[in-house]
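Enquirer: To be precise about what I am sending: the file is called input_5.cif and holds mmCIF, C-alpha atoms.
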data_coords
#
loop_
_atom_site.group_PDB
_atom_site.id
_atom_site.type_symbol
_atom_site.label_atom_id
_atom_site.label_comp_id
_atom_site.auth_asym_id
_atom_site.auth_seq_id
_atom_site.Cartn_x
_atom_site.Cartn_y
_atom_site.Cartn_z
ATOM 1 C CA MET A 1 -73.125 90.504 68.938
ATOM 2 C CA SER A 2 -73.141 88.254 65.869
ATOM 3 C CA ASP A 3 -73.925 91.301 63.732
ATOM 4 C CA ASN A 4 -70.486 92.713 64.573
ATOM 5 C CA ILE A 5 -68.595 89.645 63.372
ATOM 6 C CA LYS A 6 -67.751 89.406 59.691
ATOM 7 C CA VAL A 7 -66.046 86.345 58.266
ATOM 8 C CA SER A 8 -64.168 86.768 54.979
ATOM 9 C CA ALA A 9 -61.305 85.192 53.105
ATOM 10 C CA SER A 10 -57.854 86.753 53.199
ATOM 11 C CA PRO A 11 -56.346 89.183 52.457
ATOM 12 C CA HIS A 12 -57.913 91.273 55.208
ATOM 13 C CA ILE A 13 -55.734 94.329 54.504
ATOM 14 C CA ARG A 14 -56.423 95.730 51.074
ATOM 15 C CA SER A 15 -54.837 98.442 48.973
ATOM 16 C CA ARG A 16 -56.151 100.632 46.195
ATOM 17 C CA MET A 17 -52.898 100.000 44.311
ATOM 18 C CA SER A 18 -53.892 97.408 41.705
ATOM 19 C CA THR A 19 -51.465 95.266 39.721
ATOM 20 C CA SER A 20 -52.109 97.250 36.556
ATOM 21 C CA ARG A 21 -51.456 100.544 38.349
ATOM 22 C CA ILE A 22 -48.195 99.237 39.806
ATOM 23 C CA MET A 23 -47.074 98.038 36.385
ATOM 24 C CA PHE A 24 -48.082 101.355 34.818
ATOM 25 C CA LEU A 25 -45.926 103.271 37.295
ATOM 26 C CA VAL A 26 -43.013 100.918 36.611
ATOM 27 C CA ILE A 27 -43.394 101.586 32.879
ATOM 28 C CA ILE A 28 -43.430 105.348 33.513
ATOM 29 C CA SER A 29 -40.314 105.064 35.689
ATOM 30 C CA LEU A 30 -38.501 103.193 32.909
ATOM 31 C CA LEU A 31 -39.317 105.809 30.255
ATOM 32 C CA PRO A 32 -36.312 108.093 30.979
ATOM 33 C CA ALA A 33 -33.834 105.234 30.456
ATOM 34 C CA THR A 34 -35.796 103.919 27.472
ATOM 35 C CA LEU A 35 -35.992 107.270 25.700
ATOM 36 C CA TYR A 36 -32.337 107.984 26.378
ATOM 37 C CA GLY A 37 -31.363 104.566 25.026
ATOM 38 C CA ILE A 38 -33.333 105.207 21.848
ATOM 39 C CA TYR A 39 -31.786 108.672 21.525
ATOM 40 C CA GLN A 40 -28.324 107.230 22.090
ATOM 41 C CA PHE A 41 -28.508 104.173 19.821
ATOM 42 C CA GLY A 42 -31.104 105.155 17.247
ATOM 43 C CA TYR A 43 -33.597 103.221 15.145
ATOM 44 C CA ASN A 44 -32.541 99.675 16.011
ATOM 45 C CA ALA A 45 -32.918 100.356 19.734
ATOM 46 C CA ALA A 46 -36.460 101.621 19.143
ATOM 47 C CA LEU A 47 -37.189 98.533 17.034
ATOM 48 C CA ILE A 48 -35.915 96.182 19.758
ATOM 49 C CA VAL A 49 -38.062 97.908 22.395
ATOM 50 C CA ALA A 50 -41.173 97.708 20.206
ATOM 51 C CA VAL A 51 -40.565 94.070 19.225
ATOM 52 C CA CYS A 52 -39.974 92.959 22.817
ATOM 53 C CA ILE A 53 -43.106 94.631 24.150
ATOM 54 C CA ALA A 54 -45.304 93.362 21.311
ATOM 55 C CA SER A 55 -43.836 89.834 21.470
ATOM 56 C CA CYS A 56 -44.371 89.445 25.210
ATOM 57 C CA VAL A 57 -47.977 90.605 24.964
ATOM 58 C CA VAL A 58 -48.698 88.307 22.000
ATOM 59 C CA PHE A 59 -47.003 85.260 23.540
ATOM 60 C CA GLU A 60 -48.932 85.671 26.792
ATOM 61 C CA TYR A 61 -52.245 86.204 24.977
ATOM 62 C CA VAL A 62 -51.799 83.235 22.638
ATOM 63 C CA TYR A 63 -50.686 80.909 25.439
ATOM 64 C CA GLU A 64 -53.693 81.788 27.602
ATOM 65 C CA LYS A 65 -56.076 81.372 24.663
ATOM 66 C CA LEU A 66 -54.605 77.975 23.754
ATOM 67 C CA MET A 67 -54.724 76.796 27.371
ATOM 68 C CA LYS A 68 -58.234 78.242 27.819
ATOM 69 C CA LEU A 69 -57.072 80.457 30.655
ATOM 70 C CA PRO A 70 -58.320 83.942 31.543
ATOM 71 C CA VAL A 71 -56.501 86.564 29.462
ATOM 72 C CA THR A 72 -54.334 88.688 31.764
ATOM 73 C CA ILE A 73 -52.522 91.018 29.388
ATOM 74 C CA GLY A 74 -54.569 93.870 30.850
ATOM 75 C CA ASP A 75 -52.464 93.799 34.026
ATOM 76 C CA LEU A 76 -49.551 95.245 31.961
ATOM 77 C CA SER A 77 -47.044 92.772 33.420
ATOM 78 C CA ALA A 78 -46.196 91.413 29.960
ATOM 79 C CA ILE A 79 -45.380 94.952 28.807
ATOM 80 C CA VAL A 80 -43.054 95.426 31.786
ATOM 81 C CA THR A 81 -41.309 92.128 31.042
ATOM 82 C CA GLY A 82 -40.852 93.070 27.389
ATOM 83 C CA LEU A 83 -39.566 96.541 28.239
ATOM 84 C CA LEU A 84 -37.091 95.241 30.822
ATOM 85 C CA LEU A 85 -35.814 92.574 28.458
ATOM 86 C CA ALA A 86 -35.350 95.171 25.715
ATOM 87 C CA LEU A 87 -33.385 97.432 28.058
ATOM 88 C CA ASN A 88 -31.095 94.489 28.831
ATOM 89 C CA LEU A 89 -30.272 93.833 25.171
ATOM 90 C CA PRO A 90 -27.445 95.423 23.173
ATOM 91 C CA PRO A 91 -28.591 97.867 20.477
ATOM 92 C CA THR A 92 -27.037 95.552 17.871
ATOM 93 C CA ALA A 93 -29.403 92.691 18.751
ATOM 94 C CA THR A 94 -31.692 91.472 15.969
ATOM 95 C CA TRP A 95 -35.484 91.411 16.101
ATOM 96 C CA TRP A 96 -35.594 87.610 15.949
ATOM 97 C CA MET A 97 -33.243 87.349 18.932
ATOM 98 C CA ALA A 98 -35.604 89.618 20.836
ATOM 99 C CA CYS A 99 -38.553 87.349 19.908
ATOM 100 C CA ILE A 100 -36.713 84.238 21.116
ATOM 101 C CA GLY A 101 -35.852 85.909 24.413
ATOM 102 C CA CYS A 102 -39.459 87.023 24.881
ATOM 103 C CA ALA A 103 -40.766 83.520 24.168
ATOM 104 C CA PHE A 104 -38.454 82.062 26.803
ATOM 105 C CA SER A 105 -39.328 84.780 29.339
ATOM 106 C CA ILE A 106 -43.102 84.568 28.949
ATOM 107 C CA ILE A 107 -43.786 80.940 28.068
ATOM 108 C CA ILE A 108 -41.057 79.026 29.905
ATOM 109 C CA VAL A 109 -40.352 81.174 32.959
ATOM 110 C CA LYS A 110 -43.726 82.826 33.541
ATOM 111 C CA MET A 111 -46.687 80.967 32.068
ATOM 112 C CA LEU A 112 -45.553 77.354 32.523
ATOM 113 C CA PHE A 113 -45.195 78.032 36.240
ATOM 114 C CA GLY A 114 -48.678 79.512 36.591
ATOM 115 C CA GLY A 115 -48.424 83.074 35.341
ATOM 116 C CA LEU A 116 -47.888 86.285 37.253
ATOM 117 C CA GLY A 117 -47.160 85.608 40.905
ATOM 118 C CA GLN A 118 -45.929 82.047 40.348
ATOM 119 C CA ASN A 119 -42.658 82.497 38.442
ATOM 120 C CA PHE A 120 -39.580 81.536 40.448
ATOM 121 C CA MET A 121 -37.179 84.027 38.844
ATOM 122 C CA ASN A 122 -37.366 87.347 37.060
ATOM 123 C CA PRO A 123 -38.638 86.539 33.531
ATOM 124 C CA ALA A 124 -36.800 89.380 31.788
ATOM 125 C CA LEU A 125 -33.446 88.479 33.342
ATOM 126 C CA ALA A 126 -34.006 84.799 32.613
ATOM 127 C CA GLY A 127 -34.634 85.695 28.975
ATOM 128 C CA ARG A 128 -31.467 87.769 28.844
ATOM 129 C CA CYS A 129 -29.336 85.005 30.366
ATOM 130 C CA PHE A 130 -30.846 82.514 27.914
ATOM 131 C CA LEU A 131 -29.863 84.760 25.002
ATOM 132 C CA VAL A 132 -26.350 85.254 26.397
ATOM 133 C CA ILE A 133 -25.898 81.471 26.515
ATOM 134 C CA CYS A 134 -27.320 80.950 23.019
ATOM 135 C CA PHE A 135 -25.862 83.984 21.231
ATOM 136 C CA THR A 136 -22.804 84.969 23.247
ATOM 137 C CA ALA A 137 -20.992 86.845 20.480
ATOM 138 C CA ARG A 138 -24.027 88.908 19.479
ATOM 139 C CA MET A 139 -25.033 89.637 23.074
ATOM 140 C CA THR A 140 -21.559 90.928 23.959
ATOM 141 C CA ASN A 141 -21.093 93.068 20.857
ATOM 142 C CA PHE A 142 -21.512 96.707 21.853
ATOM 143 C CA VAL A 143 -21.429 99.660 19.494
ATOM 144 C CA TYR A 144 -21.103 103.352 20.325
ATOM 145 C CA ASP A 145 -20.996 106.077 17.675
ATOM 146 C CA GLY A 146 -20.976 103.399 14.988
ATOM 147 C CA ILE A 147 -17.820 101.759 16.329
ATOM 148 C CA SER A 148 -17.615 98.432 18.176
ATOM 149 C CA SER A 149 -15.895 98.990 21.489
ATOM 150 C CA ALA A 150 -15.497 97.487 24.924
ATOM 151 C CA THR A 151 -17.738 98.566 27.779
ATOM 152 C CA PRO A 152 -16.282 100.705 30.597
ATOM 153 C CA LEU A 153 -16.342 97.678 32.915
ATOM 154 C CA ALA A 154 -14.183 95.734 30.476
ATOM 155 C CA ASN A 155 -11.798 98.686 30.269
ATOM 156 C CA ILE A 156 -11.604 98.900 34.056
ATOM 157 C CA ARG A 157 -10.837 95.208 34.223
ATOM 158 C CA ASP A 158 -7.975 95.733 31.764
ATOM 159 C CA GLY A 159 -6.557 98.494 33.952
ATOM 160 C CA GLN A 160 -7.605 101.349 31.679
ATOM 161 C CA SER A 161 -9.032 104.659 32.853
ATOM 162 C CA VAL A 162 -12.676 105.618 32.205
ATOM 163 C CA ASP A 163 -14.665 108.835 31.972
ATOM 164 C CA LEU A 164 -16.901 108.785 35.057
ATOM 165 C CA MET A 165 -19.087 111.691 33.922
ATOM 166 C CA ALA A 166 -19.688 110.019 30.547
ATOM 167 C CA MET A 167 -20.729 106.867 32.413
ATOM 168 C CA PHE A 168 -23.150 108.807 34.617
ATOM 169 C CA ILE A 169 -24.760 110.639 31.706
ATOM 170 C CA GLY A 170 -24.703 107.655 29.342
ATOM 171 C CA ARG A 171 -22.223 108.429 26.581
ATOM 172 C CA ILE A 172 -20.816 104.911 26.665
ATOM 173 C CA PRO A 173 -21.400 101.527 24.946
ATOM 174 C CA GLY A 174 -23.669 99.050 26.677
ATOM 175 C CA THR A 175 -27.174 97.662 26.600
ATOM 176 C CA ILE A 176 -30.059 99.920 25.608
ATOM 177 C CA GLY A 177 -31.241 100.714 29.120
ATOM 178 C CA GLU A 178 -28.185 100.445 31.333
ATOM 179 C CA VAL A 179 -25.936 103.182 29.951
ATOM 180 C CA SER A 180 -27.440 106.281 31.606
ATOM 181 C CA THR A 181 -27.193 106.190 35.390
ATOM 182 C CA ALA A 182 -28.840 109.621 35.555
ATOM 183 C CA ALA A 183 -31.925 108.460 33.643
ATOM 184 C CA LEU A 184 -32.217 105.311 35.737
ATOM 185 C CA LEU A 185 -31.988 107.261 39.000
ATOM 186 C CA ILE A 186 -34.822 109.554 37.882
ATOM 187 C CA GLY A 187 -37.020 106.491 37.462
ATOM 188 C CA ALA A 188 -35.777 104.955 40.713
ATOM 189 C CA ILE A 189 -36.733 108.079 42.659
ATOM 190 C CA LEU A 190 -40.244 107.872 41.202
ATOM 191 C CA LEU A 191 -40.573 104.239 42.322
ATOM 192 C CA ILE A 192 -39.432 105.045 45.854
ATOM 193 C CA VAL A 193 -41.577 108.183 46.214
ATOM 194 C CA THR A 194 -44.713 106.373 45.030
ATOM 195 C CA GLY A 195 -43.989 103.431 47.338
ATOM 196 C CA ILE A 196 -43.771 100.926 44.512
ATOM 197 C CA ILE A 197 -40.434 99.539 45.719
ATOM 198 C CA ASP A 198 -38.837 99.153 49.129
ATOM 199 C CA PHE A 199 -35.525 100.985 49.493
ATOM 200 C CA ARG A 200 -34.052 98.085 51.503
ATOM 201 C CA ILE A 201 -33.249 95.868 48.523
ATOM 202 C CA PRO A 202 -31.411 98.421 46.346
ATOM 203 C CA CYS A 203 -29.608 99.940 49.362
ATOM 204 C CA ALA A 204 -28.488 96.533 50.637
ATOM 205 C CA TYR A 205 -27.574 95.480 47.095
ATOM 206 C CA ILE A 206 -25.427 98.507 46.249
ATOM 207 C CA GLY A 207 -24.006 98.803 49.783
ATOM 208 C CA SER A 208 -22.839 95.191 50.020
ATOM 209 C CA PHE A 209 -21.456 95.381 46.485
ATOM 210 C CA VAL A 210 -19.382 98.485 47.336
ATOM 211 C CA VAL A 211 -18.037 96.891 50.527
ATOM 212 C CA PHE A 212 -17.107 93.695 48.682
ATOM 213 C CA MET A 213 -15.382 95.553 45.849
ATOM 214 C CA GLY A 214 -13.535 97.772 48.282
ATOM 215 C CA LEU A 215 -12.213 94.776 50.202
ATOM 216 C CA VAL A 216 -11.202 92.345 47.470
ATOM 217 C CA SER A 217 -10.983 94.101 44.103
ATOM 218 C CA PRO A 218 -7.736 95.498 42.614
ATOM 219 C CA GLY A 219 -9.121 99.047 42.751
ATOM 220 C CA GLY A 220 -9.648 98.873 46.496
ATOM 221 C CA TRP A 221 -11.315 101.816 48.203
ATOM 222 C CA ASP A 222 -10.576 104.330 45.471
ATOM 223 C CA ILE A 223 -13.713 106.491 45.192
ATOM 224 C CA THR A 224 -13.473 106.945 41.429
ATOM 225 C CA TYR A 225 -13.052 103.214 40.919
ATOM 226 C CA LEU A 226 -16.050 102.336 43.112
ATOM 227 C CA ALA A 227 -18.217 105.004 41.482
ATOM 228 C CA ALA A 228 -17.315 103.607 38.061
ATOM 229 C CA GLN A 229 -18.257 100.104 39.212
ATOM 230 C CA ILE A 230 -21.640 101.417 40.370
ATOM 231 C CA CYS A 231 -22.349 103.389 37.188
ATOM 232 C CA GLY A 232 -20.992 100.715 34.865
ATOM 233 C CA GLY A 233 -22.968 97.730 33.673
ATOM 234 C CA GLY A 234 -26.471 96.917 34.820
ATOM 235 C CA LEU A 235 -26.070 97.484 38.559
ATOM 236 C CA ILE A 236 -28.466 100.443 38.872
ATOM 237 C CA LEU A 237 -30.983 98.919 36.451
ATOM 238 C CA GLY A 238 -30.837 95.614 38.310
ATOM 239 C CA ALA A 239 -30.872 96.985 41.839
ATOM 240 C CA PHE A 240 -33.889 99.280 41.437
ATOM 241 C CA PHE A 241 -35.958 97.703 38.686
ATOM 242 C CA MET A 242 -35.375 93.935 38.723
ATOM 243 C CA ALA A 243 -34.146 92.822 42.137
ATOM 244 C CA THR A 244 -37.209 94.597 43.599
ATOM 245 C CA ASP A 245 -39.672 92.473 41.620
ATOM 246 C CA TYR A 246 -42.537 91.606 43.991
ATOM 247 C CA VAL A 247 -42.847 87.982 42.932
ATOM 248 C CA THR A 248 -39.195 86.988 43.096
ATOM 249 C CA SER A 249 -38.044 88.961 46.150
ATOM 250 C CA PRO A 250 -38.736 88.263 49.855
ATOM 251 C CA ILE A 251 -41.823 89.658 51.590
ATOM 252 C CA THR A 252 -40.148 90.273 54.977
ATOM 253 C CA LYS A 253 -38.116 93.399 55.724
ATOM 254 C CA THR A 254 -35.166 91.411 57.072
ATOM 255 C CA GLY A 255 -35.418 89.048 54.137
ATOM 256 C CA ARG A 256 -35.193 91.938 51.694
ATOM 257 C CA VAL A 257 -31.975 93.110 53.294
ATOM 258 C CA LEU A 258 -30.498 89.597 53.136
ATOM 259 C CA PHE A 259 -31.657 89.249 49.541
ATOM 260 C CA GLY A 260 -30.000 92.542 48.598
ATOM 261 C CA ILE A 261 -26.773 91.467 50.288
ATOM 262 C CA CYS A 262 -26.801 88.175 48.362
ATOM 263 C CA CYS A 263 -27.254 90.069 45.091
ATOM 264 C CA GLY A 264 -24.453 92.493 45.929
ATOM 265 C CA LEU A 265 -21.959 89.851 46.991
ATOM 266 C CA LEU A 266 -22.671 87.627 43.997
ATOM 267 C CA THR A 267 -22.346 90.575 41.610
ATOM 268 C CA GLY A 268 -18.974 91.373 43.162
ATOM 269 C CA VAL A 269 -17.828 87.770 42.895
ATOM 270 C CA PHE A 270 -18.787 87.594 39.220
ATOM 271 C CA ARG A 271 -17.105 90.901 38.394
ATOM 272 C CA VAL A 272 -13.861 90.090 40.195
ATOM 273 C CA TYR A 273 -13.413 86.348 39.670
ATOM 274 C CA SER A 274 -15.394 85.341 36.558
ATOM 275 C CA SER A 275 -14.375 85.652 32.927
ATOM 276 C CA SER A 276 -17.024 88.328 32.393
ATOM 277 C CA ALA A 277 -16.781 91.943 33.551
ATOM 278 C CA GLU A 278 -20.519 91.952 34.361
ATOM 279 C CA GLY A 279 -22.561 89.767 36.690
ATOM 280 C CA VAL A 280 -25.818 91.488 37.661
ATOM 281 C CA SER A 281 -28.195 89.207 35.735
ATOM 282 C CA TYR A 282 -26.805 85.952 37.096
ATOM 283 C CA ALA A 283 -26.491 87.397 40.602
ATOM 284 C CA ILE A 284 -30.164 88.337 40.716
ATOM 285 C CA ILE A 285 -31.574 85.103 39.288
ATOM 286 C CA ILE A 286 -29.393 82.989 41.612
ATOM 287 C CA SER A 287 -30.622 85.102 44.534
ATOM 288 C CA ASN A 288 -34.197 84.576 43.266
ATOM 289 C CA LEU A 289 -33.674 80.850 43.813
ATOM 290 C CA LEU A 290 -32.652 81.559 47.425
ATOM 291 C CA VAL A 291 -35.821 83.517 48.240
ATOM 292 C CA PRO A 292 -37.788 80.533 49.698
ATOM 293 C CA LEU A 293 -34.916 79.820 52.088
ATOM 294 C CA ILE A 294 -34.530 83.502 53.001
ATOM 295 C CA GLU A 295 -38.233 83.773 53.757
ATOM 296 C CA LYS A 296 -38.192 80.571 55.778
ATOM 297 C CA ILE A 297 -35.543 81.923 58.155
ATOM 298 C CA THR A 298 -36.900 85.474 58.358
ATOM 299 C CA LEU A 299 -40.659 84.972 58.676
ATOM 300 C CA PRO A 300 -41.785 85.962 62.199
ATOM 301 C CA LYS A 301 -43.233 83.223 64.382
ATOM 302 C CA CYS A 302 -46.972 83.182 64.943
ATOM 303 C CA PHE A 303 -48.103 84.548 68.301
ATOM 304 C CA GLY A 304 -47.964 81.817 70.896
ATOM 305 C CA LYS A 305 -45.657 79.548 68.902
ATOM 306 C CA GLY A 306 -41.954 78.911 69.155
ATOM 307 C CA GLY A 307 -41.561 79.871 72.792
ATOM 308 C CA GLU A 308 -40.001 77.720 75.475
ATOM 309 C CA VAL A 309 -42.378 75.564 77.479
#
Using the file provided, produce a representation of the structure as structure tokens.
Expert:
Amino acid sequence: MSDNIKVSASPHIRSRMSTSRIMFLVIISLLPATLYGIYQFGYNAALIVAVCIASCVVFEYVYEKLMKLPVTIGDLSAIVTGLLLALNLPPTATWWMACIGCAFSIIIVKMLFGGLGQNFMNPALAGRCFLVICFTARMTNFVYDGISSATPLANIRDGQSVDLMAMFIGRIPGTIGEVSTAALLIGAILLIVTGIIDFRIPCAYIGSFVVFMGLVSPGGWDITYLAAQICGGGLILGAFFMATDYVTSPITKTGRVLFGICCGLLTGVFRVYSSSAEGVSYAIIISNLLVPLIEKITLPKCFGKGGEV
């Protein structure tokens, strides 16, 4: 009988999907938006992407060497962080701004809290918010076709009309990776089909956002207005590629739905009531801080515990 009993440390359910494979598939899913952003904005966009990826890898490697820690750049997570940060930057950003954002993302948000799996908020979004606070004018300067112009969300807020098809395809000003909804959805489908992300978070995020905007925003339930709010800004990029981050999102199914709803409602609040027309980055990182509480109230009770005596 003792031969049939095996004692081992958790986890007892294992998967062939390694961290590096997951990160590789995320990188592949981001390629359509990345390539379109480079095509749309040209050389400087390509430079920003390259600088962000290289900086994140170097900062993580140097930190681990200095701290005499195992080098983990092989898991590709630093590349994902750099790529996501680059896609959240305007094409007019400078290379040194990108380096500063990467240093904050990797060293402050990720490595000082223990590395991959220990960070309390999405490193790429934290880096973007840090840059917005430090370099507000540069981070909100968007250029399309060589001309500085307002984003579609800013135009909507001012009561102007927008070209919905141009927003879906990506012929609009914005950050490098957020402009093409079509390219982002191609990558999102790949993530869902391969099982890398759970559909609950993006569905709850976008659904709650639409309901909120329909109830309280000036545009109401106008379909064109709501579609423009979905395609504009970083909503699709945030909902599918950053709110679904394994480390900073809940592990329970119910918790993921609640997390998505928090992200959607906060995004709506920022877009309607704040001075900025956008709000995805702050909505997600604030929701990241709520994840321990969400998990506490949604974790199922152990068998035999919590019942009435």
Enquirer: Considering all atoms listed in the file, give me a table of residues in segment 98-172 of chain A that are at most 8 Å from segment 73-90 of chain A, with the closest atom pair and distance in Å for each, as a tab-separated table.
Expert:
residue	atom	partner	partner_atom	distance
A:Ala98	CA	A:Ala86	CA	7.4
A:Gly101	CA	A:Leu85	CA	7.8
A:Cys102	CA	A:Gly82	CA	6.7
A:Ser105	CA	A:Thr81	CA	7.8
A:Ile106	CA	A:Ala78	CA	7.6
A:Leu116	CA	A:Ser77	CA	7.6
A:Pro123	CA	A:Thr81	CA	6.7
A:Ala124	CA	A:Leu85	CA	4.7
A:Leu125	CA	A:Leu85	CA	6.8
A:Gly127	CA	A:Leu85	CA	7.0
A:Arg128	CA	A:Leu85	CA	6.5
A:Met139	CA	A:Pro90	CA	6.3
A:Thr140	CA	A:Pro90	CA	7.4
A:Asn141	CA	A:Pro90	CA	7.2
A:Phe142	CA	A:Pro90	CA	6.2
Enquirer: Between A:Leu299, A:Cys52, A:Ile284, A:Val57, single out the one closest to Ala126 of chain A, counting only C-alpha atoms.
Expert: A:Ile284
Enquirer: Give as JSON, numbers by chain the residues that the PyMOL selection byres ((chain A and resi 61) around 12) matches when applied to the coordinates above.
Expert: {"A": [54, 55, 56, 57, 58, 59, 60, 62, 63, 64, 65, 66, 67, 68, 69, 70, 71, 72, 73, 74, 75, 76, 77, 78, 79, 103, 106, 107, 111, 115]}
Enquirer: Using C-alpha atoms, can you write the selected residues to a file as a PDB file, in the coordinates of the input?
Expert:
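Written file, result.pdb:
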ATOM      1  CA  ALA A  54     -45.304  93.362  21.311  1.00  0.00           C
ATOM      2  CA  SER A  55     -43.836  89.834  21.470  1.00  0.00           C
ATOM      3  CA  CYS A  56     -44.371  89.445  25.210  1.00  0.00           C
ATOM      4  CA  VAL A  57     -47.977  90.605  24.964  1.00  0.00           C
ATOM      5  CA  VAL A  58     -48.698  88.307  22.000  1.00  0.00           C
ATOM      6  CA  PHE A  59     -47.003  85.260  23.540  1.00  0.00           C
ATOM      7  CA  GLU A  60     -48.932  85.671  26.792  1.00  0.00           C
ATOM      8  CA  VAL A  62     -51.799  83.235  22.638  1.00  0.00           C
ATOM      9  CA  TYR A  63     -50.686  80.909  25.439  1.00  0.00           C
ATOM     10  CA  GLU A  64     -53.693  81.788  27.602  1.00  0.00           C
ATOM     11  CA  LYS A  65     -56.076  81.372  24.663  1.00  0.00           C
ATOM     12  CA  LEU A  66     -54.605  77.975  23.754  1.00  0.00           C
ATOM     13  CA  MET A  67     -54.724  76.796  27.371  1.00  0.00           C
ATOM     14  CA  LYS A  68     -58.234  78.242  27.819  1.00  0.00           C
ATOM     15  CA  LEU A  69     -57.072  80.457  30.655  1.00  0.00           C
ATOM     16  CA  PRO A  70     -58.320  83.942  31.543  1.00  0.00           C
ATOM     17  CA  VAL A  71     -56.501  86.564  29.462  1.00  0.00           C
ATOM     18  CA  THR A  72     -54.334  88.688  31.764  1.00  0.00           C
ATOM     19  CA  ILE A  73     -52.522  91.018  29.388  1.00  0.00           C
ATOM     20  CA  GLY A  74     -54.569  93.870  30.850  1.00  0.00           C
ATOM     21  CA  ASP A  75     -52.464  93.799  34.026  1.00  0.00           C
ATOM     22  CA  LEU A  76     -49.551  95.245  31.961  1.00  0.00           C
ATOM     23  CA  SER A  77     -47.044  92.772  33.420  1.00  0.00           C
ATOM     24  CA  ALA A  78     -46.196  91.413  29.960  1.00  0.00           C
ATOM     25  CA  ILE A  79     -45.380  94.952  28.807  1.00  0.00           C
ATOM     26  CA  ALA A 103     -40.766  83.520  24.168  1.00  0.00           C
ATOM     27  CA  ILE A 106     -43.102  84.568  28.949  1.00  0.00           C
ATOM     28  CA  ILE A 107     -43.786  80.940  28.068  1.00  0.00           C
ATOM     29  CA  MET A 111     -46.687  80.967  32.068  1.00  0.00           C
ATOM     30  CA  GLY A 115     -48.424  83.074  35.341  1.00  0.00           C
TER      31      GLY A 115
END
Enquirer: Using atom CA of Ala243 of chain A and atom CA of Ala277 of chain A as the two end points, give the distance in Å to one decimal.
Expert: 19.4 Å
Enquirer: In terms of the shortest atom-to-atom distance over only C-alpha atoms, which of A:Pro32, A:Gly279, A:Gly233, A:Gly260 is closest to Tyr205 of chain A?
Expert: A:Gly260
Enquirer: So how many Å separate atom CA of Arg138 of chain A and atom CA of Gly219 of chain A, to one decimal?
Expert: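 Between atom CA of Arg138 of chain A and atom CA of Gly219 of chain A the gap is 29.4 Å.
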Enquirer: So, with all atoms listed in the file as the atoms that count, which of A:Phe212, A:Ser217, A:Trp96, A:Ser249 lies closest to Phe135 of chain A?
Expert: A:Trp96
Enquirer: Within 12 Å of (-24.9, 99.7, 34.4), all atoms listed in the file: residues as JSON, numbers by chain?
Expert: {"A": [33, 87, 88, 151, 152, 153, 167, 168, 169, 170, 172, 173, 174, 175, 176, 177, 178, 179, 180, 181, 182, 183, 184, 185, 206, 227, 228, 229, 230, 231, 232, 233, 234, 235, 236, 237, 238, 239, 240, 267, 277, 278, 279, 280, 281]}
Enquirer: Quick one: distance from atom CA of Val51 of chain A to atom CA of Phe241 of chain A in Å, one decimal?
Expert: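 Calculated distance between atom CA of Val51 of chain A and atom CA of Phe241 of chain A is 20.3 Å.
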Enquirer: Around all the atoms of segment 23-36 of chain A listed in the file, with 3 Å of room on each side, what axis-aligned box do you get, giving centre and edge lengths in Å to one decimal, as JSON?
Expert:
{"center_x": -40.2, "center_y": 103.1, "center_z": 31.5, "size_x": 21.7, "size_y": 16.1, "size_z": 17.6}
Enquirer: Rank nothing, just name the residue among A:Ile196, A:Val272, A:Ser148, A:Gln118 nearest to Phe209 of chain A, using all atoms listed in the file.
Expert: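 Smallest distance to Phe209 of chain A is found for A:Val272.
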Enquirer: Need to verify the contact set: Tyr246 of chain A, 10 Å, all atoms listed in the file, exclusion of same-chain residues closer than 4 positions in sequence. Can you return it as a list in words?
Expert: Gly117, Asn122, Ile196, Ile197, Asp198, Met242, Pro250 and Ile251 of chain A
